[in-house]
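I have placed the structure first, in the form of structure tokens, so that the comments after it can refer back to it.
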Amino acid sequence: MSLSAFSARLFPTIRSQVIARAAPASFARFYATKKFTAEHEWILIDDGVGTIGITDHAQSALGEIVFAELSELKVVEKGDTIGSVESVKAASDIYAPISGEVIAVNQELNDSPGLLNESPEIDGWLCKIQISNEDEIKDLLSEEQYTKFCEESH
């Protein structure tokens, strides 16, 4: 007999009371949603905040990124320039995929712009925006739509 089965036999009432207390009655789980733009930005939306960066497709097209200009902490509208990246091949502006207030920027990119190549969709995030107009989210692309868009544009 396993230890858990043995303890369940000895303490059935205590065990069920602990489990009942551990799970709140009104437990709601929210999941982060990742969306994309036709300009090759990604946005991970979690609890009203969008973390923004360039896609793996964009970094691959740009080549080795040597400089990242980061946004200031300010209010932005969808489509506003929120930074730029420069590579050995080209320079590219980054646009706000949604409206809101820039509440954080990834200062690590000042010293390590190569993070945009090494980990563009995780550690290479550019800024975080407190979303002011959630209706704009519906205009963004799903991962499947973005993949199809990239395939069709080549």
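Labels for the structure tokens follow display order: chains A, B, ..., residues from 1 in each chain, ligands from 1.
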
As a PyMOL selection string, list the residues of stretch 14-148 of chain A assigned to alpha helix (DSSP H) by DSSP on the backbone atoms of this structure. chain A and resi 14-22+56-62+108-111+115-118+143-148

Next, the residues of the selection above should be written as a compact mmCIF listing (two decimals), in the first residue's frame with N, CA and C atoms.
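Okay, again.txt is ready:
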# COMPACT_ATOMS: atom_id res chain seq x y z
N ILE A 14 -9.60 14.95 7.47
CA ILE A 14 -8.64 16.05 7.48
C ILE A 14 -8.18 16.34 6.06
N ARG A 15 -7.91 15.30 5.29
CA ARG A 15 -7.42 15.48 3.93
C ARG A 15 -8.46 16.23 3.08
N SER A 16 -9.72 15.85 3.17
CA SER A 16 -10.74 16.52 2.37
C SER A 16 -10.95 17.96 2.83
N GLN A 17 -10.77 18.23 4.13
CA GLN A 17 -10.90 19.61 4.61
C GLN A 17 -9.75 20.47 4.10
N VAL A 18 -8.55 19.93 4.07
CA VAL A 18 -7.39 20.68 3.57
C VAL A 18 -7.57 20.99 2.09
N ILE A 19 -8.02 20.02 1.33
CA ILE A 19 -8.23 20.23 -0.11
C ILE A 19 -9.32 21.27 -0.32
N ALA A 20 -10.38 21.21 0.46
CA ALA A 20 -11.48 22.17 0.32
C ALA A 20 -11.01 23.59 0.61
N ARG A 21 -10.14 23.76 1.61
CA ARG A 21 -9.63 25.10 1.95
C ARG A 21 -8.62 25.59 0.93
N ALA A 22 -7.89 24.69 0.29
CA ALA A 22 -6.84 25.08 -0.63
C ALA A 22 -7.40 25.66 -1.93
N ASP A 56 10.52 36.35 -34.41
CA ASP A 56 11.69 35.61 -34.86
C ASP A 56 11.89 35.81 -36.36
N HIS A 57 10.79 35.89 -37.09
CA HIS A 57 10.86 36.15 -38.53
C HIS A 57 11.55 37.49 -38.80
N ALA A 58 11.20 38.52 -38.04
CA ALA A 58 11.79 39.85 -38.23
C ALA A 58 13.28 39.85 -37.92
N GLN A 59 13.67 39.24 -36.82
CA GLN A 59 15.09 39.24 -36.47
C GLN A 59 15.90 38.46 -37.48
N SER A 60 15.31 37.42 -38.02
CA SER A 60 16.00 36.62 -39.03
C SER A 60 16.21 37.43 -40.31
N ALA A 61 15.20 38.21 -40.70
CA ALA A 61 15.31 39.04 -41.89
C ALA A 61 16.30 40.19 -41.69
N LEU A 62 16.35 40.73 -40.47
CA LEU A 62 17.25 41.85 -40.19
C LEU A 62 18.71 41.42 -40.11
N GLU A 108 17.91 46.00 -20.54
CA GLU A 108 18.96 45.03 -20.84
C GLU A 108 19.40 45.12 -22.31
N LEU A 109 18.49 45.59 -23.17
CA LEU A 109 18.81 45.71 -24.59
C LEU A 109 19.82 46.82 -24.88
N ASN A 110 19.95 47.79 -23.97
CA ASN A 110 20.95 48.85 -24.16
C ASN A 110 22.36 48.27 -24.24
N ASP A 111 22.65 47.30 -23.39
CA ASP A 111 23.97 46.67 -23.36
C ASP A 111 24.04 45.41 -24.20
N LEU A 115 20.21 40.21 -27.80
CA LEU A 115 19.11 39.42 -27.24
C LEU A 115 17.94 39.35 -28.22
N LEU A 116 17.84 40.38 -29.06
CA LEU A 116 16.77 40.38 -30.05
C LEU A 116 16.97 39.28 -31.09
N ASN A 117 18.21 38.86 -31.31
CA ASN A 117 18.50 37.73 -32.20
C ASN A 117 18.44 36.41 -31.45
N GLU A 118 18.99 36.39 -30.25
CA GLU A 118 19.10 35.15 -29.48
C GLU A 118 17.76 34.68 -28.93
N GLU A 143 -1.37 33.41 -34.06
CA GLU A 143 -0.12 32.81 -34.51
C GLU A 143 -0.32 32.11 -35.86
N GLU A 144 -1.43 31.44 -36.02
CA GLU A 144 -1.72 30.76 -37.28
C GLU A 144 -1.85 31.76 -38.43
N GLN A 145 -2.55 32.87 -38.20
CA GLN A 145 -2.71 33.89 -39.23
C GLN A 145 -1.37 34.54 -39.58
N TYR A 146 -0.55 34.78 -38.56
CA TYR A 146 0.76 35.39 -38.79
C TYR A 146 1.66 34.47 -39.60
N THR A 147 1.68 33.20 -39.25
CA THR A 147 2.48 32.22 -39.99
C THR A 147 2.05 32.18 -41.46
N LYS A 148 0.75 32.16 -41.70
CA LYS A 148 0.23 32.15 -43.07
C LYS A 148 0.63 33.45 -43.79

Sel. of strand (DSSP E or B) residues, stretch 77-145 of chain A, as a ChimeraX atom specification: /A:81-87,91-95,100-105,127-131,141

Distance query A:Gln107 at most 10 Å, only C-alpha atoms, self and fewer than 6 positions along chain excluded, as a VMD selection string: chain A and resid 68 70 113 125 to 127

Expected file: the selected residues, N, CA and C atoms, as an mmCIF file, in the first residue's frame:
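The new file selection_2.cif reads:
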data_model
loop_
_atom_site.group_PDB
_atom_site.id
_atom_site.type_symbol
_atom_site.label_atom_id
_atom_site.label_comp_id
_atom_site.auth_asym_id
_atom_site.auth_seq_id
_atom_site.Cartn_x
_atom_site.Cartn_y
_atom_site.Cartn_z
ATOM 1 N N ALA A 68 19.458 48.908 -30.341
ATOM 2 C CA ALA A 68 18.009 49.007 -30.119
ATOM 3 C C ALA A 68 17.716 50.340 -29.450
ATOM 4 N N LEU A 70 15.021 52.307 -27.505
ATOM 5 C CA LEU A 70 13.846 51.942 -26.722
ATOM 6 C C LEU A 70 12.898 53.118 -26.555
ATOM 7 N N PRO A 113 21.940 44.280 -27.302
ATOM 8 C CA PRO A 113 20.914 44.262 -28.352
ATOM 9 C C PRO A 113 20.818 42.907 -29.053
ATOM 10 N N TRP A 125 12.216 41.143 -25.351
ATOM 11 C CA TRP A 125 11.054 42.044 -25.389
ATOM 12 C C TRP A 125 11.533 43.496 -25.336
ATOM 13 N N LEU A 126 10.757 44.380 -25.937
ATOM 14 C CA LEU A 126 11.143 45.795 -26.019
ATOM 15 C C LEU A 126 10.501 46.664 -24.942
ATOM 16 N N CYS A 127 9.179 46.547 -24.806
ATOM 17 C CA CYS A 127 8.490 47.375 -23.806
ATOM 18 C C CYS A 127 7.200 46.697 -23.373
#

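Separating atom CA of A:Ser71 from atom CA of A:Val105 is a distance of 6.8 Å.
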
For stretch 94-102 of chain A, list every protein, DNA or RNA residue within 7 Å, evaluated using only C-alpha atoms, and leave out those in the same chain fewer than 4 positions away; present the list as a CSV table (one decimal) with all heavy atoms, in the first residue's frame.
chain,number,residue,atom,x,y,z
A,37,THR,N,1.5,41.3,-35.5
A,37,THR,CA,1.1,42.3,-36.4
A,37,THR,C,1.7,42.0,-37.8
A,37,THR,O,2.7,41.2,-37.9
A,37,THR,CB,1.6,43.7,-36.0
A,37,THR,OG1,3.0,43.8,-36.1
A,37,THR,CG2,1.2,44.0,-34.6
A,73,LEU,N,8.8,56.2,-21.4
A,73,LEU,CA,7.6,55.9,-20.7
A,73,LEU,C,6.6,57.0,-21.1
A,73,LEU,O,6.8,58.2,-20.6
A,73,LEU,CB,7.9,55.9,-19.2
A,73,LEU,CG,8.9,54.8,-18.7
A,73,LEU,CD1,9.1,54.9,-17.2
A,73,LEU,CD2,8.5,53.4,-19.2
A,74,LYS,N,5.6,56.7,-21.9
A,74,LYS,CA,4.7,57.7,-22.4
A,74,LYS,C,3.4,57.1,-22.9
A,74,LYS,O,3.4,55.8,-23.0
A,74,LYS,CB,5.3,58.5,-23.5
A,74,LYS,CG,5.7,57.6,-24.8
A,74,LYS,CD,6.3,58.4,-25.9
A,74,LYS,CE,6.6,57.4,-27.1
A,74,LYS,NZ,7.2,58.1,-28.2
A,75,VAL,N,2.4,57.9,-23.2
A,75,VAL,CA,1.2,57.4,-23.7
A,75,VAL,C,1.4,57.3,-25.2
A,75,VAL,O,1.9,58.2,-25.9
A,75,VAL,CB,0.0,58.3,-23.4
A,75,VAL,CG1,-1.3,57.9,-24.1
A,75,VAL,CG2,-0.2,58.4,-21.9
A,76,VAL,N,0.9,56.1,-25.8
A,76,VAL,CA,1.1,55.9,-27.3
A,76,VAL,C,-0.3,55.5,-27.8
A,76,VAL,O,-1.1,54.9,-27.1
A,76,VAL,CB,2.1,54.8,-27.6
A,76,VAL,CG1,3.5,55.3,-27.2
A,76,VAL,CG2,1.8,53.5,-26.9
A,77,GLU,N,-0.4,55.8,-29.1
A,77,GLU,CA,-1.6,55.3,-29.9
A,77,GLU,C,-1.2,54.2,-30.8
A,77,GLU,O,0.0,54.1,-31.2
A,77,GLU,CB,-2.2,56.5,-30.7
A,77,GLU,CG,-2.7,57.6,-29.9
A,77,GLU,CD,-3.9,57.2,-29.1
A,77,GLU,OE1,-4.8,56.5,-29.6
A,77,GLU,OE2,-4.0,57.7,-27.9
A,78,LYS,N,-2.1,53.3,-31.1
A,78,LYS,CA,-1.8,52.2,-32.0
A,78,LYS,C,-1.2,52.8,-33.3
A,78,LYS,O,-1.7,53.8,-33.9
A,78,LYS,CB,-3.1,51.5,-32.4
A,78,LYS,CG,-2.9,50.3,-33.3
A,78,LYS,CD,-4.3,49.7,-33.6
A,78,LYS,CE,-4.1,48.5,-34.6
A,78,LYS,NZ,-5.3,47.9,-34.9
A,79,GLY,N,0.0,52.2,-33.7
A,79,GLY,CA,0.7,52.7,-34.9
A,79,GLY,C,1.8,53.7,-34.6
A,79,GLY,O,2.6,53.9,-35.5
A,80,ASP,N,1.8,54.2,-33.4
A,80,ASP,CA,2.9,55.1,-33.1
A,80,ASP,C,4.3,54.4,-33.1
A,80,ASP,O,4.3,53.2,-32.7
A,80,ASP,CB,2.7,55.8,-31.7
A,80,ASP,CG,1.7,56.9,-31.7
A,80,ASP,OD1,1.1,57.2,-32.8
A,80,ASP,OD2,1.4,57.3,-30.6
A,81,THR,N,5.4,55.1,-33.4
A,81,THR,CA,6.7,54.5,-33.3
A,81,THR,C,7.0,54.4,-31.8
A,81,THR,O,7.0,55.4,-31.1
A,81,THR,CB,7.7,55.4,-34.0
A,81,THR,OG1,7.3,55.5,-35.4
A,81,THR,CG2,9.1,54.7,-34.0
A,82,ILE,N,7.4,53.2,-31.4
A,82,ILE,CA,7.8,53.0,-30.0
A,82,ILE,C,9.3,52.6,-29.8
A,82,ILE,O,9.7,52.1,-28.8
A,82,ILE,CB,6.9,52.0,-29.3
A,82,ILE,CG1,6.8,50.6,-30.0
A,82,ILE,CG2,5.5,52.6,-29.1
A,82,ILE,CD1,6.2,49.5,-29.3
A,83,GLY,N,10.0,52.7,-30.9
A,83,GLY,CA,11.4,52.3,-30.8
A,83,GLY,C,11.9,51.9,-32.2
A,83,GLY,O,11.2,52.0,-33.2
A,84,SER,N,13.2,51.5,-32.3
A,84,SER,CA,13.7,51.1,-33.6
A,84,SER,C,14.9,50.1,-33.3
A,84,SER,O,15.4,50.1,-32.2
A,84,SER,CB,14.2,52.2,-34.4
A,84,SER,OG,15.3,52.9,-33.8
A,127,CYS,N,9.2,46.5,-24.8
A,127,CYS,CA,8.5,47.4,-23.8
A,127,CYS,C,7.2,46.7,-23.4
A,127,CYS,O,6.8,45.7,-24.0
A,127,CYS,CB,8.2,48.8,-24.4
A,127,CYS,SG,7.0,48.8,-25.7
A,128,LYS,N,6.6,47.3,-22.3
A,128,LYS,CA,5.3,46.8,-21.8
A,128,LYS,C,4.4,48.0,-21.9
A,128,LYS,O,4.7,49.1,-21.4
A,128,LYS,CB,5.4,46.3,-20.4
A,128,LYS,CG,6.3,45.0,-20.3
A,128,LYS,CD,6.4,44.5,-18.9
A,128,LYS,CE,7.4,43.4,-18.8
A,128,LYS,NZ,6.7,42.1,-18.9
A,129,ILE,N,3.2,47.7,-22.4
A,129,ILE,CA,2.2,48.8,-22.5
A,129,ILE,C,0.9,48.4,-21.7
A,129,ILE,O,0.4,47.3,-21.9
A,129,ILE,CB,1.8,49.0,-24.0
A,129,ILE,CG1,3.0,49.6,-24.7
A,129,ILE,CG2,0.6,50.0,-24.1
A,129,ILE,CD1,2.7,49.8,-26.2
A,130,GLN,N,0.5,49.3,-20.8
A,130,GLN,CA,-0.8,49.2,-20.1
A,130,GLN,C,-1.9,49.5,-21.2
A,130,GLN,O,-2.0,50.6,-21.6
A,130,GLN,CB,-0.9,50.1,-18.9
A,130,GLN,CG,-2.2,50.0,-18.2
A,130,GLN,CD,-2.3,48.7,-17.4
A,130,GLN,OE1,-1.4,48.3,-16.7
A,130,GLN,NE2,-3.4,48.0,-17.5
A,131,ILE,N,-2.6,48.5,-21.6
A,131,ILE,CA,-3.6,48.6,-22.7
A,131,ILE,C,-4.7,49.5,-22.3
A,131,ILE,O,-5.4,49.4,-21.2
A,131,ILE,CB,-4.1,47.2,-23.1
A,131,ILE,CG1,-2.9,46.4,-23.6
A,131,ILE,CG2,-5.2,47.4,-24.2
A,131,ILE,CD1,-3.2,44.9,-23.8
A,132,SER,N,-5.0,50.5,-23.2
A,132,SER,CA,-6.2,51.4,-22.9
A,132,SER,C,-7.4,51.1,-23.7
A,132,SER,O,-8.5,51.6,-23.4
A,132,SER,CB,-5.7,52.9,-23.1
A,132,SER,OG,-5.4,53.1,-24.5
A,133,ASN,N,-7.2,50.4,-24.8
A,133,ASN,CA,-8.4,50.1,-25.7
A,133,ASN,C,-8.3,48.6,-26.1
A,133,ASN,O,-7.7,48.3,-27.1
A,133,ASN,CB,-8.3,51.0,-26.9
A,133,ASN,CG,-9.5,50.8,-27.8
A,133,ASN,OD1,-10.4,49.9,-27.6
A,133,ASN,ND2,-9.6,51.6,-28.9
A,136,GLU,N,-8.9,47.0,-29.7
A,136,GLU,CA,-7.8,46.9,-30.7
A,136,GLU,C,-7.2,45.5,-30.8
A,136,GLU,O,-6.6,45.2,-31.9
A,136,GLU,CB,-6.7,48.0,-30.5
A,136,GLU,CG,-7.2,49.4,-30.6
A,136,GLU,CD,-6.2,50.4,-30.2
A,136,GLU,OE1,-5.2,50.1,-29.5
A,136,GLU,OE2,-6.4,51.6,-30.5

Considering only C-alpha atoms, return as a PyMOL selection string whatever protein or nucleic-acid residues lie within 7 Å of A:Val85, sequence-local ones (same chain, fewer than 3 positions apart) excluded. chain A and resi 65+67-69+91-93

Residues from the last selection, C-alpha atoms, saved as a JSON list (two decimals), in the first residue's frame:
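out_9.json, freshly written:
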[["chain", "number", "residue", "atom", "x", "y", "z"],
["A", 65, "ILE", "CA", 21.05, 43.41, -34.47],
["A", 67, "PHE", "CA", 21.48, 48.63, -31.64],
["A", 68, "ALA", "CA", 18.01, 49.01, -30.12],
["A", 69, "GLU", "CA", 16.39, 52.38, -29.47],
["A", 91, "ALA", "CA", 17.19, 49.73, -39.62],
["A", 92, "SER", "CA", 13.56, 49.18, -38.75],
["A", 93, "ASP", "CA", 11.03, 51.14, -36.69]]

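Nearest residue to A:Glu86 among A:Asp135, A:Gly114, A:His40, A:Ala104 is A:Gly114, counting only C-alpha atoms.
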